[in-house]
>>> print(open('entry_11.cif').read())   # mmCIF, C-alpha atoms
data_model
#
loop_
_atom_site.label_atom_id
_atom_site.label_comp_id
_atom_site.auth_asym_id
_atom_site.auth_seq_id
_atom_site.Cartn_x
_atom_site.Cartn_y
_atom_site.Cartn_z
CA MET L 1465 32.14 -63.97 0.38
CA GLY L 1466 33.02 -60.91 -1.70
CA LYS L 1467 36.26 -59.95 -3.42
CA ARG L 1468 39.61 -60.20 -1.71
CA LEU L 1469 40.14 -57.70 1.08
CA ALA L 1470 42.59 -54.97 0.08
CA ARG L 1471 46.03 -55.50 1.63
CA PRO L 1472 46.42 -52.01 3.21
CA LEU L 1473 43.03 -52.32 4.95
CA TYR L 1474 43.82 -55.89 5.99
CA GLU L 1475 47.22 -55.03 7.45
CA GLN L 1476 45.88 -51.99 9.30
CA GLU L 1477 43.04 -53.93 10.92
CA LEU L 1478 45.19 -56.98 11.60
CA LEU L 1479 47.65 -54.87 13.59
CA ARG L 1480 44.80 -53.32 15.59
CA LEU L 1481 43.38 -56.75 16.38
CA GLN L 1482 46.81 -58.09 17.30
CA THR L 1483 47.16 -55.21 19.75
CA ASP L 1484 43.89 -56.30 21.35
CA LEU L 1485 45.17 -59.89 21.45
CA VAL L 1486 48.15 -58.70 23.52
CA ASP L 1487 45.71 -56.98 25.91
CA MET L 1488 43.58 -60.12 26.04
CA GLN L 1489 46.61 -62.24 26.88
CA ALA L 1490 47.54 -59.87 29.71
CA TRP L 1491 44.03 -60.21 31.11
CA VAL L 1492 44.20 -64.01 30.91
CA GLN L 1493 47.45 -63.94 32.88
CA ALA L 1494 46.15 -61.50 35.48
CA SER L 1495 42.76 -63.15 35.94
CA GLY L 1496 43.93 -66.76 35.87
CA ALA L 1497 41.53 -67.57 33.05
CA ARG L 1498 41.99 -70.74 30.99
CA VAL L 1499 41.28 -70.55 27.26
CA VAL L 1500 41.16 -73.29 24.63
CA VAL L 1501 40.65 -72.38 20.97
CA ILE L 1502 40.09 -75.21 18.50
CA PHE L 1503 40.99 -74.72 14.84
CA GLU L 1504 39.38 -77.31 12.57
CA GLY L 1505 38.65 -77.53 8.87
CA ARG L 1506 39.65 -79.21 5.66
CA ASP L 1507 43.25 -79.52 4.58
CA ALA L 1508 44.54 -76.20 3.18
CA ALA L 1509 41.62 -74.33 4.76
CA GLY L 1510 44.02 -71.79 6.30
CA LYS L 1511 44.06 -72.85 9.95
CA GLY L 1512 47.84 -72.70 10.34
CA SER L 1513 48.27 -69.29 8.75
CA THR L 1514 45.52 -67.87 10.96
CA ILE L 1515 47.16 -69.30 14.08
CA LYS L 1516 50.42 -67.66 12.97
CA ARG L 1517 48.72 -64.25 12.89
CA VAL L 1518 47.05 -64.82 16.25
CA THR L 1519 50.33 -65.71 17.97
CA GLU L 1520 52.65 -63.29 16.16
CA TYR L 1521 53.00 -60.86 19.10
CA LEU L 1522 51.97 -63.15 21.96
CA ASN L 1523 54.16 -64.71 24.61
CA PRO L 1524 54.74 -68.39 23.69
CA ARG L 1525 55.03 -69.23 27.38
CA VAL L 1526 51.45 -68.07 27.86
CA THR L 1527 49.87 -68.85 24.49
CA ARG L 1528 50.81 -72.34 23.26
CA THR L 1529 49.99 -73.98 19.95
CA VAL L 1530 49.26 -77.70 20.17
CA ALA L 1531 49.53 -79.75 16.97
CA LEU L 1532 49.76 -83.40 17.93
CA PRO L 1533 51.23 -86.02 15.58
CA ALA L 1534 49.53 -89.31 14.83
CA PRO L 1535 48.93 -91.30 18.03
CA THR L 1536 51.47 -93.90 19.09
CA GLU L 1537 50.58 -97.56 19.48
CA ARG L 1538 50.29 -97.01 23.24
CA GLU L 1539 48.08 -93.94 22.82
CA ARG L 1540 45.76 -95.92 20.57
CA THR L 1541 44.94 -98.14 23.54
CA GLN L 1542 44.08 -95.21 25.83
CA TRP L 1543 40.77 -93.48 26.32
CA TYR L 1544 40.52 -91.35 23.20
CA PHE L 1545 40.56 -87.96 24.96
CA GLN L 1546 43.41 -88.96 27.26
CA ARG L 1547 46.23 -87.75 25.00
CA TYR L 1548 44.68 -84.28 24.80
CA VAL L 1549 44.12 -83.73 28.53
CA PRO L 1550 47.81 -83.02 29.39
CA HIS L 1551 47.78 -80.15 26.89
CA LEU L 1552 44.85 -78.31 28.46
CA PRO L 1553 45.72 -74.92 29.98
CA ALA L 1554 46.49 -74.13 33.59
CA ALA L 1555 45.50 -70.79 35.11
CA GLY L 1556 46.65 -67.85 33.01
CA GLU L 1557 47.25 -69.87 29.85
CA ILE L 1558 45.84 -69.99 26.31
CA VAL L 1559 46.01 -73.13 24.19
CA LEU L 1560 45.43 -73.00 20.43
CA MET L 1561 44.74 -76.43 18.98
CA ASP L 1562 45.76 -76.87 15.35
CA ARG L 1563 43.39 -79.79 14.95
CA SER L 1564 42.12 -81.45 18.08
CA TRP L 1565 40.09 -84.38 19.36
CA TYR L 1566 37.85 -83.72 16.35
CA ASN L 1567 40.32 -85.68 14.22
CA ARG L 1568 38.12 -88.65 15.00
CA ALA L 1569 35.03 -86.99 13.57
CA GLY L 1570 36.85 -85.74 10.47
CA VAL L 1571 39.93 -87.32 8.97
CA GLU L 1572 39.68 -90.60 10.90
CA ARG L 1573 36.07 -91.05 9.84
CA ALA L 1574 36.58 -90.03 6.21
CA MET L 1575 39.76 -92.09 5.79
CA GLY L 1576 38.53 -95.13 7.68
CA TYR L 1577 41.14 -94.86 10.47
CA CYS L 1578 38.64 -95.64 13.23
CA THR L 1579 35.94 -98.23 13.65
CA ASN L 1580 32.23 -97.44 13.60
CA SER L 1581 31.98 -98.10 17.33
CA GLU L 1582 34.92 -95.77 18.06
CA TYR L 1583 33.37 -93.09 15.87
CA HIS L 1584 29.91 -93.26 17.46
CA ARG L 1585 31.41 -93.40 20.94
CA PHE L 1586 33.27 -90.19 20.14
CA LEU L 1587 30.09 -88.42 18.99
CA HIS L 1588 28.47 -89.41 22.28
CA GLN L 1589 31.41 -88.54 24.53
CA ALA L 1590 32.66 -85.30 22.94
CA PRO L 1591 29.77 -83.14 24.18
CA ILE L 1592 30.10 -84.67 27.66
CA PHE L 1593 33.85 -84.02 27.69
CA GLU L 1594 33.41 -80.43 26.54
CA ARG L 1595 30.64 -79.73 29.06
CA LEU L 1596 33.01 -80.90 31.79
CA LEU L 1597 35.68 -78.49 30.55
CA VAL L 1598 33.30 -75.55 30.43
CA GLU L 1599 31.75 -76.47 33.78
CA ASP L 1600 35.24 -76.36 35.28
CA GLY L 1601 35.67 -72.80 34.03
CA ILE L 1602 37.59 -73.26 30.78
CA ILE L 1603 36.66 -70.87 27.97
CA LEU L 1604 36.26 -73.20 24.98
CA LEU L 1605 35.94 -71.82 21.45
CA LYS L 1606 35.59 -74.00 18.34
CA TYR L 1607 36.17 -72.69 14.82
CA TRP L 1608 35.56 -74.53 11.57
CA PHE L 1609 37.45 -73.06 8.60
CA SER L 1610 35.41 -73.46 5.44
CA VAL L 1611 36.82 -73.43 1.90
CA SER L 1612 35.44 -74.53 -1.46
CA ASP L 1613 36.71 -77.56 -3.37
CA VAL L 1614 38.01 -75.27 -6.13
CA GLU L 1615 39.98 -73.10 -3.70
CA GLN L 1616 41.33 -76.12 -1.83
CA GLU L 1617 42.67 -77.66 -5.02
CA LYS L 1618 44.17 -74.31 -6.02
CA ARG L 1619 46.04 -74.13 -2.71
CA PHE L 1620 47.20 -77.73 -3.01
CA ARG L 1621 48.65 -77.08 -6.45
CA SER L 1622 50.32 -73.90 -5.24
CA ARG L 1623 51.98 -75.82 -2.41
CA ALA L 1624 53.08 -78.62 -4.73
CA LYS L 1625 54.94 -76.10 -6.91
CA ASP L 1626 56.57 -74.28 -3.99
CA PRO L 1627 59.57 -76.15 -2.49
CA MET L 1628 59.33 -73.97 0.63
CA ARG L 1629 55.78 -75.13 1.35
CA ARG L 1630 55.70 -78.60 -0.19
CA TRP L 1631 56.20 -80.16 3.25
CA LYS L 1632 52.64 -79.09 4.07
CA LEU L 1633 51.28 -81.67 1.64
CA SER L 1634 50.94 -85.09 3.25
CA PRO L 1635 49.60 -88.18 1.47
CA ASN L 1636 46.37 -87.73 3.43
CA ASP L 1637 46.08 -84.14 2.20
CA VAL L 1638 46.35 -85.17 -1.43
CA LEU L 1639 43.94 -88.07 -0.99
CA SER L 1640 41.38 -85.77 0.64
CA ILE L 1641 40.66 -84.27 -2.79
CA THR L 1642 39.15 -87.59 -3.81
CA LYS L 1643 37.09 -87.78 -0.62
CA TRP L 1644 35.47 -84.34 -0.65
CA GLU L 1645 31.95 -85.67 -0.15
CA ASP L 1646 33.06 -88.07 2.60
CA TYR L 1647 34.62 -85.16 4.49
CA SER L 1648 31.48 -83.10 3.92
CA ARG L 1649 29.22 -85.80 5.35
CA ALA L 1650 31.56 -86.29 8.31
CA LYS L 1651 31.58 -82.55 9.02
CA ASP L 1652 27.77 -82.29 8.82
CA THR L 1653 27.32 -85.21 11.22
CA MET L 1654 29.94 -83.78 13.58
CA LEU L 1655 28.11 -80.46 13.80
CA VAL L 1656 24.77 -82.15 14.48
CA HIS L 1657 26.21 -84.01 17.48
CA THR L 1658 28.73 -81.54 18.91
CA ASP L 1659 27.31 -78.06 18.27
CA ILE L 1660 26.15 -77.63 21.86
CA PRO L 1661 25.08 -74.45 23.70
CA GLU L 1662 28.00 -74.71 26.11
CA ALA L 1663 30.52 -74.95 23.25
CA PRO L 1664 29.00 -74.02 19.88
CA TRP L 1665 30.79 -74.22 16.55
CA PHE L 1666 31.61 -71.01 14.70
CA GLU L 1667 32.22 -71.25 10.96
CA VAL L 1668 34.87 -69.10 9.29
CA ASP L 1669 34.44 -68.49 5.57
CA ASN L 1670 38.10 -68.64 4.59
CA GLU L 1671 37.83 -68.53 0.82
CA ASP L 1672 39.66 -65.20 1.14
CA LYS L 1673 42.33 -65.74 3.79
CA ARG L 1674 42.63 -62.05 4.62
CA ARG L 1675 38.92 -61.71 5.34
CA GLY L 1676 38.84 -65.01 7.18
CA ARG L 1677 41.71 -64.09 9.51
CA ILE L 1678 40.26 -60.69 10.33
CA ASN L 1679 36.79 -62.12 10.94
CA MET L 1680 38.04 -64.98 13.09
CA ILE L 1681 40.31 -62.87 15.31
CA ALA L 1682 37.64 -60.19 15.79
CA HIS L 1683 35.14 -62.87 16.80
CA LEU L 1684 37.62 -64.54 19.16
CA LEU L 1685 38.17 -61.24 20.96
CA SER L 1686 34.42 -60.68 21.24
CA GLN L 1687 33.98 -64.04 22.97
CA ILE L 1688 36.50 -63.46 25.79
CA PRO L 1689 35.40 -61.01 28.50
CA PHE L 1690 38.76 -59.32 28.83
CA ARG L 1691 39.51 -55.80 29.94
CA THR L 1692 42.64 -53.71 29.73
CA VAL L 1693 45.01 -54.61 32.53
CA ASP L 1694 47.34 -51.96 33.91
CA ARG L 1695 50.87 -53.07 33.29
CA PRO L 1696 53.83 -51.35 34.97
CA GLU L 1697 56.10 -49.31 32.77
CA VAL L 1698 59.46 -50.93 32.13
CA GLU L 1699 62.30 -48.64 33.18
CA ILE L 1700 65.71 -49.28 31.67
CA PRO L 1701 68.37 -48.53 34.30
CA GLU L 1702 71.43 -46.44 33.60
CA ARG L 1703 74.48 -48.48 32.71
CA PRO L 1704 76.98 -48.39 35.62
CA PRO L 1705 80.54 -47.13 35.10
CA ALA L 1706 83.05 -49.57 33.66
CA GLY L 1707 84.69 -51.69 36.32
CA GLY L 1708 87.82 -52.77 34.51
CA TYR L 1709 86.42 -55.77 32.65
CA GLU L 1710 88.20 -56.60 29.40
CA ARG L 1711 86.62 -58.88 26.83
CA PRO L 1712 88.82 -61.76 25.63
CA PRO L 1713 90.26 -61.38 22.11
CA HIS L 1714 87.92 -62.40 19.29
CA ASP L 1715 90.41 -64.94 17.99
CA GLN L 1716 89.83 -67.01 21.12
CA SER L 1717 86.15 -67.50 20.22
CA ASN L 1718 84.51 -69.69 17.62
CA LEU L 1719 82.80 -66.88 15.78
CA VAL L 1720 80.14 -67.60 13.18
CA PRO L 1721 81.59 -66.74 9.74
CA ASP L 1722 80.52 -63.34 8.43
CA HIS L 1723 78.22 -64.53 5.65
CA ALA L 1724 76.73 -61.04 5.40
CA ALA L 1725 80.14 -59.61 4.49
CA THR L 1726 80.41 -62.22 1.70
CA LEU L 1727 77.07 -61.04 0.34
CA GLU L 1728 78.16 -57.40 0.50
CA ALA L 1729 81.40 -58.17 -1.34
CA ALA L 1730 79.54 -60.08 -4.05
CA ALA L 1731 77.02 -57.26 -4.44
CA GLY L 1732 79.85 -54.75 -4.70
CA ARG L 1733 81.51 -56.71 -7.50
CA GLU L 1734 78.25 -56.87 -9.45
CA SER L 1735 77.52 -53.15 -9.18
#
>>> encode(input="entry_11.cif", output="structure tokens")
Amino acid sequence: MGKRLARPLYEQELLRLQTDLVDMQAWVQASGARVVVIFEGRDAAGKGSTIKRVTEYLNPRVTRTVALPAPTERERTQWYFQRYVPHLPAAGEIVLMDRSWYNRAGVERAMGYCTNSEYHRFLHQAPIFERLLVEDGIILLKYWFSVSDVEQEKRFRSRAKDPMRRWKLSPNDVLSITKWEDYSRAKDTMLVHTDIPEAPWFEVDNEDKRRGRINMIAHLLSQIPFRTVDRPEVEIPERPPAGGYERPPHDQSNLVPDHAATLEAAAGRES
């Protein structure tokens, strides 16, 4: 991919696409459509930041992000797909999966967290499971976020130095640097078995996050047959005349301390 997309162009197009996302969400609600969008890729590939831009102006009661933790001991004894089924959308809902059932084909395979029989059973069952979802009317979109080993390491080191983002680095994330080829082989095998006509994989070149976000959101919108839905104008009523209500004195409430006033006073002393 070429040089980094200029910020003004990126921000202008991102806002336009986010406006379309709001229209798309309104159509999903009105039509009763069910949408599942899977975000997969290597650690630090930019899945989470893209999801943040997708959901920025959307209603969280309609568009939900699902990011499941490691399975419990009980969940490990269930049918593998069972823990994901309760998170599938009902009519008028969108579910964005920050990682999904493809954990088994990626991190679990590369890190040795599943057996060979569990892994091969997954490769056999995943296309069947997804065909059932699509057959039932769910719109299923699968995105793989691609990033080079050099860029991944750069992002890891940036996170390690930033105390505000260091929480994003798990032991598995760090160890994945040493297993680049294992992850690559796992990804290639996954695509061979699960890139099906009913639910194909779409690869996002996310070496430049700005370009990747724009490209992914534009493609997402192109894959959902939405149209603009007429929404009623919201009319703010006139405030009625006062009816004699008196608010209790402030000293009877547990007010949050005015931290902003402290900042203002400190700034005034420094100027």
>>> resolve_selection(input="entry_11.cif", expression="the PyMOL selection byres ((chain L and resi 1486) around 10)", output="list of chain:residue names")
L:Leu1481, L:Gln1482, L:Thr1483, L:Asp1484, L:Leu1485, L:Asp1487, L:Met1488, L:Gln1489, L:Ala1490, L:Trp1491, L:Val1492, L:Val1518, L:Thr1519, L:Glu1520, L:Tyr1521, L:Leu1522, L:Asn1523, L:Thr1692
>>> atom_distance(input="entry_11.cif", atom1="atom CA of Ile1502 of chain L", atom2="atom CA of Glu1582 of chain L")
21.2 Å
>>> residues_around(input="entry_11.cif", residues="segment 1527-1529 of chain L", least_positions_apart="3", cutoff="7 Å", atoms="all atoms listed in the file", output="list in words")
Leu1522, Asn1523, Pro1524, Glu1557, Ile1558, Val1559, Leu1560, Met1561 and Asp1562 of chain L
>>> resolve_selection(input="entry_11.cif", expression="the PyMOL selection byres ((chain L and resi 1639) around 12)", output="ChimeraX atom specification")
/L:1506-1507,1571,1574-1575,1617,1620,1633-1638,1640-1644,1646-1647
>>> closest_residue(input="entry_11.cif", among="L:Leu1604, L:Leu1685, L:Val1693, L:Ala1534", to="Tyr1577 of chain L", atoms="all atoms listed in the file")
L:Ala1534
>>> closest_residue(input="entry_11.cif", among="L:Cys1578, L:Val1611, L:Leu1684, L:Leu1605", to="Trp1665 of chain L", atoms="all atoms listed in the file")
L:Leu1605
>>> resolve_selection(input="entry_11.cif", expression="the PyMOL selection byres ((chain L and resi 1509-1515) around 10)", output="count of residues only")
40
>>> axis_aligned_box(input="entry_11.cif", around="segment 1559-1562 of chain L", padding_each_side="4 Å", output="JSON")
{"center_x": 45.4, "center_y": -74.9, "center_z": 19.8, "size_x": 9.3, "size_y": 11.9, "size_z": 16.8}
>>> closest_residue(input="entry_11.cif", among="L:Ile1660, L:Ala1470, L:Leu1478, L:Ile1603", to="Ala1590 of chain L", atoms="all atoms listed in the file")
L:Ile1660
>>> closest_residue(input="entry_11.cif", among="L:Asp1722, L:Asp1659, L:Glu1537, L:Glu1599", to="Leu1587 of chain L", atoms="all atoms listed in the file")
L:Asp1659
>>> atom_distance(input="entry_11.cif", atom1="atom CA of Gln1589 of chain L", atom2="atom CA of Met1654 of chain L")
12.0 Å
>>> closest_residue(input="entry_11.cif", among="L:Ala1725, L:Met1628, L:Ala1663, L:Ile1688", to="Glu1594 of chain L", atoms="only C-alpha atoms")
L:Ala1663
>>> atom_distance(input="entry_11.cif", atom1="atom CA of Arg1498 of chain L", atom2="atom CA of Thr1658 of chain L")
20.9 Å
>>> decode(input="entry_11.cif", residues="segment 1586-1597 of chain L", atoms="all heavy atoms", output="compact mmCIF listing (two decimals), in the first residue's frame")
# COMPACT_ATOMS: atom_id res chain seq x y z
N PHE L 1586 -12.96 -28.12 13.86
CA PHE L 1586 -13.38 -26.74 13.62
C PHE L 1586 -13.36 -26.41 12.13
O PHE L 1586 -14.30 -25.81 11.60
CB PHE L 1586 -12.47 -25.75 14.36
CG PHE L 1586 -12.70 -24.32 13.96
CD1 PHE L 1586 -13.72 -23.59 14.54
CD2 PHE L 1586 -11.92 -23.72 12.97
CE1 PHE L 1586 -13.96 -22.27 14.14
CE2 PHE L 1586 -12.16 -22.41 12.58
CZ PHE L 1586 -13.18 -21.69 13.17
N LEU L 1587 -12.28 -26.75 11.44
CA LEU L 1587 -12.18 -26.45 10.01
C LEU L 1587 -13.31 -27.12 9.22
O LEU L 1587 -13.76 -26.57 8.20
CB LEU L 1587 -10.83 -26.91 9.47
CG LEU L 1587 -9.60 -26.16 10.00
CD1 LEU L 1587 -8.32 -26.73 9.40
CD2 LEU L 1587 -9.70 -24.66 9.73
N HIS L 1588 -13.77 -28.26 9.69
CA HIS L 1588 -14.89 -28.94 9.02
C HIS L 1588 -16.22 -28.28 9.37
O HIS L 1588 -17.08 -28.10 8.49
CB HIS L 1588 -14.91 -30.41 9.44
CG HIS L 1588 -16.14 -31.14 9.02
ND1 HIS L 1588 -16.42 -31.44 7.69
CD2 HIS L 1588 -17.20 -31.62 9.74
CE1 HIS L 1588 -17.58 -32.08 7.61
NE2 HIS L 1588 -18.07 -32.19 8.85
N GLN L 1589 -16.39 -27.89 10.64
CA GLN L 1589 -17.70 -27.41 11.09
C GLN L 1589 -17.94 -25.93 10.80
O GLN L 1589 -19.09 -25.52 10.63
CB GLN L 1589 -17.87 -27.67 12.59
CG GLN L 1589 -18.00 -29.13 12.94
CD GLN L 1589 -18.28 -29.34 14.42
OE1 GLN L 1589 -18.19 -28.41 15.24
NE2 GLN L 1589 -18.64 -30.57 14.80
N ALA L 1590 -16.88 -25.12 10.77
CA ALA L 1590 -17.07 -23.68 10.60
C ALA L 1590 -17.85 -23.33 9.33
O ALA L 1590 -18.80 -22.53 9.39
CB ALA L 1590 -15.72 -22.96 10.63
N PRO L 1591 -17.51 -23.88 8.17
CA PRO L 1591 -18.30 -23.57 6.98
C PRO L 1591 -19.76 -24.02 7.11
O PRO L 1591 -20.67 -23.32 6.63
CB PRO L 1591 -17.58 -24.33 5.86
CG PRO L 1591 -16.19 -24.52 6.36
CD PRO L 1591 -16.34 -24.72 7.83
N ILE L 1592 -19.99 -25.15 7.76
CA ILE L 1592 -21.37 -25.63 7.96
C ILE L 1592 -22.12 -24.66 8.85
O ILE L 1592 -23.26 -24.26 8.55
CB ILE L 1592 -21.36 -27.04 8.59
CG1 ILE L 1592 -20.66 -28.03 7.67
CG2 ILE L 1592 -22.78 -27.51 8.90
CD1 ILE L 1592 -20.43 -29.39 8.28
N PHE L 1593 -21.50 -24.26 9.95
CA PHE L 1593 -22.11 -23.31 10.89
C PHE L 1593 -22.45 -22.00 10.19
O PHE L 1593 -23.55 -21.47 10.34
CB PHE L 1593 -21.14 -23.08 12.05
CG PHE L 1593 -21.60 -22.08 13.06
CD1 PHE L 1593 -22.72 -22.30 13.84
CD2 PHE L 1593 -20.89 -20.89 13.25
CE1 PHE L 1593 -23.14 -21.37 14.79
CE2 PHE L 1593 -21.30 -19.97 14.20
CZ PHE L 1593 -22.42 -20.21 14.96
N GLU L 1594 -21.52 -21.49 9.40
CA GLU L 1594 -21.74 -20.20 8.74
C GLU L 1594 -22.79 -20.30 7.64
O GLU L 1594 -23.58 -19.36 7.44
CB GLU L 1594 -20.41 -19.68 8.20
CG GLU L 1594 -19.46 -19.29 9.32
CD GLU L 1594 -18.10 -18.83 8.84
OE1 GLU L 1594 -17.87 -18.81 7.60
OE2 GLU L 1594 -17.26 -18.49 9.69
N ARG L 1595 -22.84 -21.42 6.94
CA ARG L 1595 -23.90 -21.60 5.94
C ARG L 1595 -25.27 -21.61 6.60
O ARG L 1595 -26.25 -21.08 6.05
CB ARG L 1595 -23.67 -22.89 5.15
CG ARG L 1595 -22.51 -22.81 4.16
CD ARG L 1595 -22.47 -24.04 3.26
NE ARG L 1595 -21.33 -23.97 2.35
CZ ARG L 1595 -20.19 -24.63 2.52
NH1 ARG L 1595 -20.04 -25.44 3.58
NH2 ARG L 1595 -19.20 -24.51 1.65
N LEU L 1596 -25.36 -22.20 7.78
CA LEU L 1596 -26.63 -22.19 8.51
C LEU L 1596 -27.04 -20.77 8.88
O LEU L 1596 -28.22 -20.40 8.79
CB LEU L 1596 -26.51 -23.04 9.79
CG LEU L 1596 -26.40 -24.56 9.58
CD1 LEU L 1596 -26.13 -25.24 10.92
CD2 LEU L 1596 -27.67 -25.12 8.95
N LEU L 1597 -26.07 -19.96 9.31
CA LEU L 1597 -26.37 -18.57 9.66
C LEU L 1597 -26.88 -17.79 8.45
O LEU L 1597 -27.89 -17.09 8.52
CB LEU L 1597 -25.13 -17.89 10.23
CG LEU L 1597 -24.52 -18.46 11.52
CD1 LEU L 1597 -23.33 -17.63 11.96
CD2 LEU L 1597 -25.56 -18.54 12.63
